[in-house]
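Participant: If it helps, the file is called query.tsv and holds TSV, C-alpha atoms and all ligand atoms:
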```tsv
chain	number	residue	atom	x	y	z
A	1	MET	CA	12.35	-22.69	-12.28
A	2	THR	CA	15.13	-20.08	-12.15
A	3	LEU	CA	15.55	-18.58	-8.71
A	4	THR	CA	16.14	-14.86	-8.23
A	5	ILE	CA	19.35	-13.81	-6.50
A	6	GLN	CA	17.37	-13.10	-3.36
A	7	GLN	CA	15.73	-16.55	-3.45
A	8	GLN	CA	19.11	-18.29	-4.00
A	9	TYR	CA	20.65	-16.23	-1.21
A	10	GLU	CA	17.84	-17.02	1.21
A	11	ARG	CA	17.93	-20.74	0.43
A	12	ASP	CA	21.71	-21.28	0.18
A	13	GLY	CA	23.24	-18.32	2.03
A	14	PHE	CA	25.10	-17.24	-1.11
A	15	ALA	CA	24.79	-16.36	-4.79
A	16	PHE	CA	27.46	-16.54	-7.53
A	17	PRO	CA	28.94	-15.96	-10.09
A	18	LEU	CA	27.78	-12.40	-10.68
A	19	THR	CA	29.73	-10.44	-13.28
A	20	VAL	CA	30.33	-6.84	-12.25
A	21	LEU	CA	33.46	-5.85	-14.23
A	22	ASP	CA	34.64	-6.87	-17.67
A	23	SER	CA	38.16	-8.28	-17.90
A	24	ASP	CA	39.79	-4.94	-18.86
A	25	GLU	CA	38.14	-3.21	-15.95
A	26	ALA	CA	39.09	-5.98	-13.56
A	27	LYS	CA	42.72	-5.48	-14.66
A	28	ARG	CA	42.39	-1.74	-14.09
A	29	TRP	CA	40.93	-2.29	-10.58
A	30	ARG	CA	43.79	-4.64	-9.77
A	31	THR	CA	46.36	-2.03	-10.86
A	32	VAL	CA	44.60	0.70	-8.88
A	33	PHE	CA	44.31	-1.53	-5.81
A	34	GLU	CA	47.95	-2.69	-5.99
A	35	ASN	CA	49.13	0.93	-6.34
A	36	CYS	CA	47.26	1.83	-3.14
A	37	GLU	CA	48.71	-1.26	-1.46
A	38	ALA	CA	52.24	-0.15	-2.42
A	39	LYS	CA	51.54	3.32	-0.97
A	40	TRP	CA	50.37	2.08	2.43
A	41	GLY	CA	53.20	-0.46	2.43
A	42	GLU	CA	55.71	2.40	2.29
A	43	HIS	CA	54.19	4.41	5.12
A	44	PRO	CA	56.83	5.05	7.82
A	45	ASP	CA	54.42	5.05	10.79
A	46	ALA	CA	53.58	1.44	11.80
A	47	GLN	CA	50.27	2.36	13.47
A	48	ILE	CA	49.06	4.30	10.42
A	49	LYS	CA	50.24	1.56	8.07
A	50	LYS	CA	48.19	-1.05	9.96
A	51	ALA	CA	45.11	1.18	10.14
A	52	VAL	CA	45.22	2.10	6.45
A	53	LYS	CA	45.80	-1.52	5.44
A	54	SER	CA	42.68	-2.49	7.40
A	55	PHE	CA	40.51	0.48	6.33
A	56	PRO	CA	41.85	1.62	2.92
A	57	HIS	CA	38.35	2.56	1.74
A	58	LEU	CA	38.33	5.37	4.32
A	59	VAL	CA	41.67	6.75	3.09
A	60	PHE	CA	41.95	6.25	-0.71
A	61	PRO	CA	39.41	7.96	-3.02
A	62	GLU	CA	39.91	5.13	-5.54
A	63	ILE	CA	38.90	2.44	-3.03
A	64	ASP	CA	36.03	4.59	-1.75
A	65	ALA	CA	34.79	4.58	-5.37
A	66	MET	CA	35.01	0.76	-5.46
A	67	ILE	CA	32.81	0.25	-2.39
A	68	ARG	CA	30.30	2.73	-3.88
A	69	ASP	CA	30.29	1.10	-7.34
A	70	GLN	CA	26.60	0.89	-8.19
A	71	ARG	CA	26.99	-2.33	-10.21
A	72	ILE	CA	27.99	-4.05	-6.97
A	73	VAL	CA	25.45	-2.17	-4.87
A	74	ASP	CA	22.63	-3.07	-7.34
A	75	TYR	CA	23.19	-6.77	-6.56
A	76	VAL	CA	23.48	-6.16	-2.83
A	77	ALA	CA	20.22	-4.18	-2.93
A	78	GLN	CA	18.45	-7.31	-4.16
A	79	VAL	CA	19.16	-8.78	-0.72
A	80	LEU	CA	19.29	-5.79	1.64
A	81	GLY	CA	16.87	-3.35	-0.01
A	82	ASP	CA	17.53	0.22	-1.03
A	83	ASN	CA	19.14	1.71	2.09
A	84	ILE	CA	22.67	0.39	2.39
A	85	LEU	CA	25.78	1.15	4.44
A	86	CYS	CA	29.22	-0.22	3.79
A	87	TRP	CA	30.51	-1.27	7.21
A	88	ASN	CA	33.90	-2.67	6.24
A	89	PHE	CA	36.26	-3.64	3.47
A	90	SER	CA	39.02	-6.28	3.54
A	91	ALA	CA	41.35	-7.38	0.81
A	92	TRP	CA	42.07	-11.11	0.99
A	93	ILE	CA	45.40	-11.74	-0.60
A	94	LYS	CA	47.20	-15.05	-0.91
A	95	GLU	CA	50.67	-14.66	-2.34
A	96	PRO	CA	51.76	-17.13	-5.07
A	97	ASN	CA	52.66	-20.61	-3.84
A	98	THR	CA	52.05	-19.95	-0.17
A	99	SER	CA	50.34	-21.93	2.56
A	100	SER	CA	47.96	-19.25	3.85
A	101	TYR	CA	44.45	-20.54	4.35
A	102	VAL	CA	41.16	-19.62	6.02
A	103	SER	CA	39.54	-22.09	8.44
A	104	TRP	CA	35.81	-22.85	8.50
A	105	HIS	CA	34.05	-19.96	10.17
A	106	GLN	CA	31.03	-17.68	10.25
A	107	ASP	CA	31.84	-13.97	9.92
A	108	LEU	CA	29.23	-12.50	12.25
A	109	ASN	CA	30.50	-14.31	15.33
A	110	TYR	CA	33.24	-11.75	15.93
A	111	TRP	CA	32.10	-8.45	14.48
A	112	GLY	CA	29.97	-7.20	17.37
A	113	LEU	CA	26.99	-6.47	15.10
A	114	ASP	CA	23.61	-7.10	16.69
A	115	ASP	CA	21.75	-8.75	13.80
A	116	VAL	CA	22.27	-10.63	10.55
A	117	ASP	CA	21.32	-8.02	7.93
A	118	GLU	CA	24.78	-8.08	6.41
A	119	VAL	CA	26.04	-9.23	3.02
A	120	THR	CA	29.63	-9.72	1.87
A	121	ALA	CA	30.33	-8.92	-1.76
A	122	TRP	CA	33.61	-10.69	-2.66
A	123	ILE	CA	35.05	-9.48	-5.96
A	124	ALA	CA	37.83	-11.45	-7.65
A	125	LEU	CA	40.70	-9.39	-9.10
A	126	SER	CA	42.64	-12.52	-10.11
A	127	PRO	CA	41.36	-16.01	-10.89
A	128	ALA	CA	39.79	-17.64	-7.82
A	129	ASN	CA	39.66	-21.42	-8.22
A	130	ASP	CA	40.61	-24.57	-6.31
A	131	SER	CA	44.30	-24.16	-7.25
A	132	SER	CA	44.49	-20.54	-6.11
A	133	GLY	CA	42.50	-21.17	-2.91
A	134	CYS	CA	39.01	-19.93	-3.74
A	135	MET	CA	36.38	-19.76	-1.00
A	136	ARG	CA	34.29	-22.84	-0.31
A	137	PHE	CA	30.80	-22.57	1.14
A	138	VAL	CA	28.52	-24.99	3.01
A	139	ARG	CA	25.14	-24.58	1.38
A	140	GLY	CA	22.36	-23.61	3.78
A	141	SER	CA	24.68	-23.27	6.81
A	142	HIS	CA	23.60	-19.65	7.42
A	143	LYS	CA	20.52	-20.70	9.37
A	144	GLU	CA	22.18	-21.28	12.74
A	145	ARG	CA	25.04	-19.88	14.79
A	146	ILE	CA	27.82	-22.38	15.48
A	147	GLU	CA	30.26	-22.22	18.37
A	148	HIS	CA	33.86	-21.29	17.44
A	149	ARG	CA	37.24	-21.81	19.08
A	150	ASP	CA	40.47	-19.87	18.59
A	151	THR	CA	43.55	-21.59	17.16
A	152	PHE	CA	45.86	-18.67	16.32
A	153	ALA	CA	47.38	-21.07	13.75
A	154	LYS	CA	50.31	-19.45	11.97
A	155	ASP	CA	49.12	-19.63	8.36
A	156	ASN	CA	45.48	-18.97	9.17
A	157	LEU	CA	44.50	-15.56	7.79
A	158	LEU	CA	41.68	-15.01	10.30
A	159	THR	CA	42.29	-12.64	13.22
A	160	ARG	CA	42.11	-15.37	15.86
A	161	GLY	CA	42.54	-18.36	13.56
A	162	GLN	CA	38.99	-19.12	14.66
A	163	GLU	CA	37.19	-22.27	13.50
A	164	VAL	CA	33.76	-23.77	13.96
A	165	VAL	CA	33.46	-26.49	16.61
A	166	THR	CA	31.68	-28.98	14.35
A	167	SER	CA	32.74	-31.41	11.66
A	168	ILE	CA	32.35	-30.37	8.04
A	169	ASP	CA	31.78	-32.78	5.19
A	170	GLU	CA	34.32	-31.24	2.77
A	171	SER	CA	32.87	-33.21	-0.14
A	172	GLU	CA	29.61	-31.29	0.24
A	173	ALA	CA	31.28	-27.86	0.11
A	174	VAL	CA	30.80	-25.71	-3.00
A	175	SER	CA	33.92	-24.17	-4.61
A	176	ILE	CA	33.27	-20.53	-5.43
A	177	GLU	CA	35.27	-20.28	-8.63
A	178	LEU	CA	35.36	-16.77	-10.05
A	179	GLU	CA	37.07	-15.08	-12.99
A	180	PRO	CA	38.54	-11.61	-12.44
A	181	GLY	CA	35.62	-9.17	-12.32
A	182	GLN	CA	33.13	-11.74	-11.03
A	183	MET	CA	31.63	-11.61	-7.58
A	184	SER	CA	29.93	-13.78	-4.98
A	185	LEU	CA	27.56	-12.66	-2.24
A	186	HIS	CA	27.55	-14.45	1.11
A	187	HIS	CA	25.59	-14.27	4.33
A	188	GLY	CA	27.37	-13.42	7.58
A	189	LEU	CA	26.45	-16.78	9.13
A	190	LEU	CA	27.43	-18.89	6.13
A	191	MET	CA	30.19	-21.38	7.00
A	192	HIS	CA	33.10	-20.80	4.65
A	193	ALA	CA	36.81	-21.53	4.31
A	194	SER	CA	39.56	-21.45	1.69
A	195	GLY	CA	42.78	-23.35	0.99
A	196	PRO	CA	46.32	-22.34	-0.02
A	197	ASN	CA	47.32	-20.74	-3.30
A	198	SER	CA	49.46	-23.11	-5.35
A	199	THR	CA	49.51	-20.93	-8.48
A	200	ASP	CA	52.14	-18.42	-9.66
A	201	ASP	CA	49.79	-15.42	-9.38
A	202	ARG	CA	48.50	-13.62	-6.32
A	203	ARG	CA	44.93	-14.55	-5.37
A	204	ILE	CA	43.23	-11.23	-4.70
A	205	GLY	CA	39.66	-10.81	-3.51
A	206	LEU	CA	38.03	-7.62	-2.28
A	207	ALA	CA	35.46	-8.39	0.43
A	208	ILE	CA	33.06	-5.50	0.93
A	209	ARG	CA	30.72	-5.81	3.91
A	210	TYR	CA	27.34	-4.14	3.46
A	211	ILE	CA	24.65	-3.78	6.12
A	212	LYS	CA	21.17	-2.36	6.59
A	213	PRO	CA	21.28	0.94	8.52
A	214	SER	CA	19.07	-0.68	11.21
A	215	MET	CA	22.04	-2.81	12.32
A	216	ARG	CA	23.87	-1.70	15.47
A	217	GLN	CA	27.37	-2.13	16.80
A	218	ALA	CA	26.53	-3.91	20.06
A	219	GLN	CA	30.07	-3.48	21.43
A	220	GLY	CA	29.88	0.25	22.06
A	221	ASP	CA	29.46	3.56	20.32
A	222	GLY	CA	31.80	5.09	17.83
A	223	ASP	CA	31.73	2.65	14.92
A	224	TYR	CA	31.77	4.00	11.37
A	225	ALA	CA	30.04	3.14	8.10
A	226	VAL	CA	29.70	4.69	4.65
A	227	LEU	CA	26.27	5.41	3.13
A	228	VAL	CA	26.35	3.90	-0.38
A	229	ARG	CA	22.65	3.92	-1.27
A	230	GLY	CA	19.42	5.53	-0.06
A	231	GLN	CA	19.27	6.99	3.40
A	232	ASP	CA	20.15	6.20	6.98
A	233	ASP	CA	17.09	6.80	9.18
A	234	PHE	CA	18.71	5.23	12.25
A	235	GLY	CA	21.98	7.00	12.97
A	236	HIS	CA	23.51	3.93	14.64
A	237	PHE	CA	26.87	4.52	12.93
A	238	ASN	CA	28.98	7.61	12.36
A	239	LEU	CA	28.84	8.19	8.62
A	240	ALA	CA	32.33	8.51	7.13
A	241	PRO	CA	32.64	10.93	4.19
A	242	SER	CA	34.62	10.14	1.05
A	243	PRO	CA	38.32	10.90	1.58
A	244	SER	CA	39.23	14.21	-0.10
A	245	ALA	CA	42.68	12.88	-1.11
A	246	ALA	CA	44.86	9.88	-0.34
A	247	PHE	CA	46.14	10.10	3.24
A	248	ALA	CA	44.13	13.27	4.02
A	249	ASP	CA	44.72	13.98	7.73
A	250	ASP	CA	41.08	13.62	8.83
A	251	ALA	CA	40.68	10.36	6.90
A	252	VAL	CA	43.84	8.85	8.39
A	253	ALA	CA	42.72	9.88	11.90
A	254	ARG	CA	39.35	8.19	11.28
A	255	ALA	CA	41.05	5.00	10.05
A	256	VAL	CA	43.26	4.89	13.15
A	257	GLU	CA	40.25	5.44	15.44
A	258	VAL	CA	38.09	2.77	13.82
A	259	HIS	CA	41.03	0.35	13.61
A	260	GLU	CA	41.54	0.62	17.39
A	261	LEU	CA	37.84	0.07	17.99
A	262	HIS	CA	37.61	-2.96	15.68
A	263	ASP	CA	40.78	-4.43	17.16
A	264	LYS	CA	39.10	-4.42	20.59
A	265	ILE	CA	35.92	-5.91	19.17
A	266	LEU	CA	37.66	-8.65	17.18
A	267	TYR	CA	39.88	-9.73	20.09
A	268	ARG	CA	37.31	-9.52	22.88
A	269	GLY	CA	37.62	-12.54	25.17
A	270	ALA	CA	40.71	-13.85	23.33
A	271	GLN	CA	43.62	-15.26	25.35
A	272	GLN	CA	46.23	-13.85	23.00
A	273	LYS	CA	46.73	-11.42	20.15
A	274	ARG	CA	48.64	-11.67	16.89
A	275	ALA	CA	51.84	-9.60	16.67
A	301	LIG	O1	39.10	-14.80	0.77
A	301	LIG	C1	39.06	-15.78	1.48
A	301	LIG	O2	39.66	-16.81	1.22
A	301	LIG	C2	38.23	-15.76	2.75
A	301	LIG	C3	37.36	-14.54	2.81
A	301	LIG	C4	36.42	-14.53	3.95
A	301	LIG	O3	36.50	-15.29	4.89
A	301	LIG	C5	35.38	-13.52	3.93
A	301	LIG	O4	35.36	-12.67	3.04
A	301	LIG	O5	34.50	-13.54	4.82
```
Taking this structure as input, can you express it in the form of structure tokens?
Ligand SMILES: O=C(O)CCC(=O)C(=O)O

Facilitator:
Amino acid sequence: MTLTIQQQYERDGFAFPLTVLDSDEAKRWRTVFENCEAKWGEHPDAQIKKAVKSFPHLVFPEIDAMIRDQRIVDYVAQVLGDNILCWNFSAWIKEPNTSSYVSWHQDLNYWGLDDVDEVTAWIALSPANDSSGCMRFVRGSHKERIEHRDTFAKDNLLTRGQEVVTSIDESEAVSIELEPGQMSLHHGLLMHASGPNSTDDRRIGLAIRYIKPSMRQAQGDGDYAVLVRGQDDFGHFNLAPSPSAAFADDAVARAVEVHELHDKILYRGAQQKRA
């Protein structure tokens, strides 16, 4: 019997591969994304550069369009239903032949959100496979919260280098191999990790975090989200509008504000902070 995406997601904590862009469009998205990346990379103000790098969807109309892309949202709606906010966006980039990795973790442990109605859509803009350091998932691990500890390990891409305090049978993990334009969905409590990129191309994945509007930021008021489908009957988040132009003053100010807030949330209780 073929399972629906929702049934797979409920059983395993993930679903993949889901094709959302054809290869020409995936190339176009990569060019658009890398152009935006070059623009924030050149920004002279270090605080703005950091904020825009962390929240580019609030500042670039092109990235705002990506998080609103209805081909992605259609899949997410199969899990979350028809009222959907985008809470966050992160680009996960591993440069060619580098040792950056991601330790085994569950996303929702650090985000301050009060419930689990969250889905990450991870879209590959370059080949994601074992050689380039694709994500690996532990099937069914989204059913319980696991304790984490901080490592702050140098090559670990996570904010605190956090890792689960439990042993993982690596041979049981599923490699989430994706071609450019394909996507996986994963649950916020799914244990996942990824290894280094030993290929000559960048490994680029766009992770878009979608939530139900009923979710709350339990670590204080003032968090932002973008309404991408349906309606928000709860008002738990400030709704960010689409940026009118790249680096529009109000959009940059919003990115700086939300970056400061998320920084506090992500580092709460930590003994140190990355430079
Ligand atoms: O892209 C990766 O390797 C890790 C991404 C990740 O941890 C996430 O999207 O939650």

Participant: Please identify every polymer residue within 8 Å of ligand LIG 301 (chain A), using only C-alpha atoms and all ligand atoms, and present the set as an MDAnalysis selection string.

Facilitator: chainID A and resid 90:93 101:102 105:107 120:122 133:135 158 186 188 192:195 204:208

Participant: How many Å lie between atom CA of Phe234 of chain A and atom CA of Leu190 of chain A, rounded to one decimal?

Facilitator: 26.4 Å

Participant: Go through A:His43, A:Arg203, A:Arg229, A:Lys273 one by one, measure the shortest atom-to-atom distance of each to Ile72 of chain A using all atoms listed in the file, and give the residue with the smallest value.

Facilitator: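 Once distances to Ile72 of chain A are computed over all atoms listed in the file, the minimum belongs to A:Arg229.
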
Participant: In Å, rounded to a single decimal, give me how far atom CA of Glu257 of chain A is from atom CA of Phe237 of chain A.

Facilitator: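 Going from atom CA of Phe237 of chain A over to atom CA of Glu257 of chain A covers 13.6 Å.
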
Participant: Please measure the separation of atom CA of Ile63 of chain A and atom CA of Phe33 of chain A, giving the value in Å to one decimal.

Facilitator: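 Result for atom CA of Ile63 of chain A versus atom CA of Phe33 of chain A: 7.3 Å, one decimal.
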
Participant: So that I can check the surroundings of segment 171-183 of chain A, please list as a ChimeraX atom specification every protein, DNA and RNA residue that reaches within 8 Å of it, counting all atoms listed in the file and ignoring chain neighbours fewer than 3 positions away.

Facilitator: /A:16-23,25-27,121-130,134-139

Participant: Could you list as a ChimeraX atom specification every residue that has an atom within 9 Å of (36.7, -3.8, 7.4), using the file's coordinates and counting all atoms listed in the file?

Facilitator: /A:54-57,87-91,207-209,259,262

Participant: I need the residue nearest Thr98 of chain A from this list: A:Pro196, A:Gly230, A:Gly235, A:Pro213. Use all atoms listed in the file for the distance.

Facilitator: A:Pro196

Participant: For a quick check of understanding, using all atoms listed in the file, which of A:Gly41, A:Ile48, A:Asp150, A:Gln217 has the smallest distance to Asp115 of chain A?

Facilitator: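 Using all atoms listed in the file, Asp115 of chain A sits closest to A:Gln217.
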
Participant: Using all atoms listed in the file, which residues sit within 10 Å of segment 240-252 of chain A once same-chain residues fewer than 2 positions away are excluded, as an mmCIF file with C-alpha atoms, in the coordinates of the input?

Facilitator:
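Contents of the output file around.cif:
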```
data_model
loop_
_atom_site.group_PDB
_atom_site.id
_atom_site.type_symbol
_atom_site.label_atom_id
_atom_site.label_comp_id
_atom_site.auth_asym_id
_atom_site.auth_seq_id
_atom_site.Cartn_x
_atom_site.Cartn_y
_atom_site.Cartn_z
ATOM 1 C CA CYS A 36 47.260 1.830 -3.140
ATOM 2 C CA LYS A 39 51.540 3.320 -0.970
ATOM 3 C CA TRP A 40 50.370 2.080 2.430
ATOM 4 C CA ILE A 48 49.060 4.300 10.420
ATOM 5 C CA LYS A 49 50.240 1.560 8.070
ATOM 6 C CA ALA A 51 45.110 1.180 10.140
ATOM 7 C CA VAL A 52 45.220 2.100 6.450
ATOM 8 C CA PHE A 55 40.510 0.480 6.330
ATOM 9 C CA PRO A 56 41.850 1.620 2.920
ATOM 10 C CA HIS A 57 38.350 2.560 1.740
ATOM 11 C CA LEU A 58 38.330 5.370 4.320
ATOM 12 C CA VAL A 59 41.670 6.750 3.090
ATOM 13 C CA PHE A 60 41.950 6.250 -0.710
ATOM 14 C CA PRO A 61 39.410 7.960 -3.020
ATOM 15 C CA GLU A 62 39.910 5.130 -5.540
ATOM 16 C CA ILE A 63 38.900 2.440 -3.030
ATOM 17 C CA ASP A 64 36.030 4.590 -1.750
ATOM 18 C CA ALA A 65 34.790 4.580 -5.370
ATOM 19 C CA ARG A 68 30.300 2.730 -3.880
ATOM 20 C CA CYS A 86 29.220 -0.220 3.790
ATOM 21 C CA TRP A 87 30.510 -1.270 7.210
ATOM 22 C CA ASP A 223 31.730 2.650 14.920
ATOM 23 C CA TYR A 224 31.770 4.000 11.370
ATOM 24 C CA ALA A 225 30.040 3.140 8.100
ATOM 25 C CA VAL A 226 29.700 4.690 4.650
ATOM 26 C CA LEU A 227 26.270 5.410 3.130
ATOM 27 C CA PHE A 237 26.870 4.520 12.930
ATOM 28 C CA ASN A 238 28.980 7.610 12.360
ATOM 29 C CA ARG A 254 39.350 8.190 11.280
ATOM 30 C CA ALA A 255 41.050 5.000 10.050
ATOM 31 C CA VAL A 256 43.260 4.890 13.150
ATOM 32 C CA GLU A 257 40.250 5.440 15.440
ATOM 33 C CA VAL A 258 38.090 2.770 13.820
#
```

Participant: For Arg202 of chain A, which residue among A:Lys264, A:His148, A:Arg30, A:Arg160 is the nearest when counting all atoms listed in the file?

Facilitator: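 Closest to Arg202 of chain A, using all atoms listed in the file: A:Arg30.
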
Participant: Closest to Val165 of chain A among A:Gln219, A:Ser132, A:Ser103, A:Ser214, using only C-alpha atoms?

Facilitator: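 Using only C-alpha atoms, Val165 of chain A sits closest to A:Ser103.
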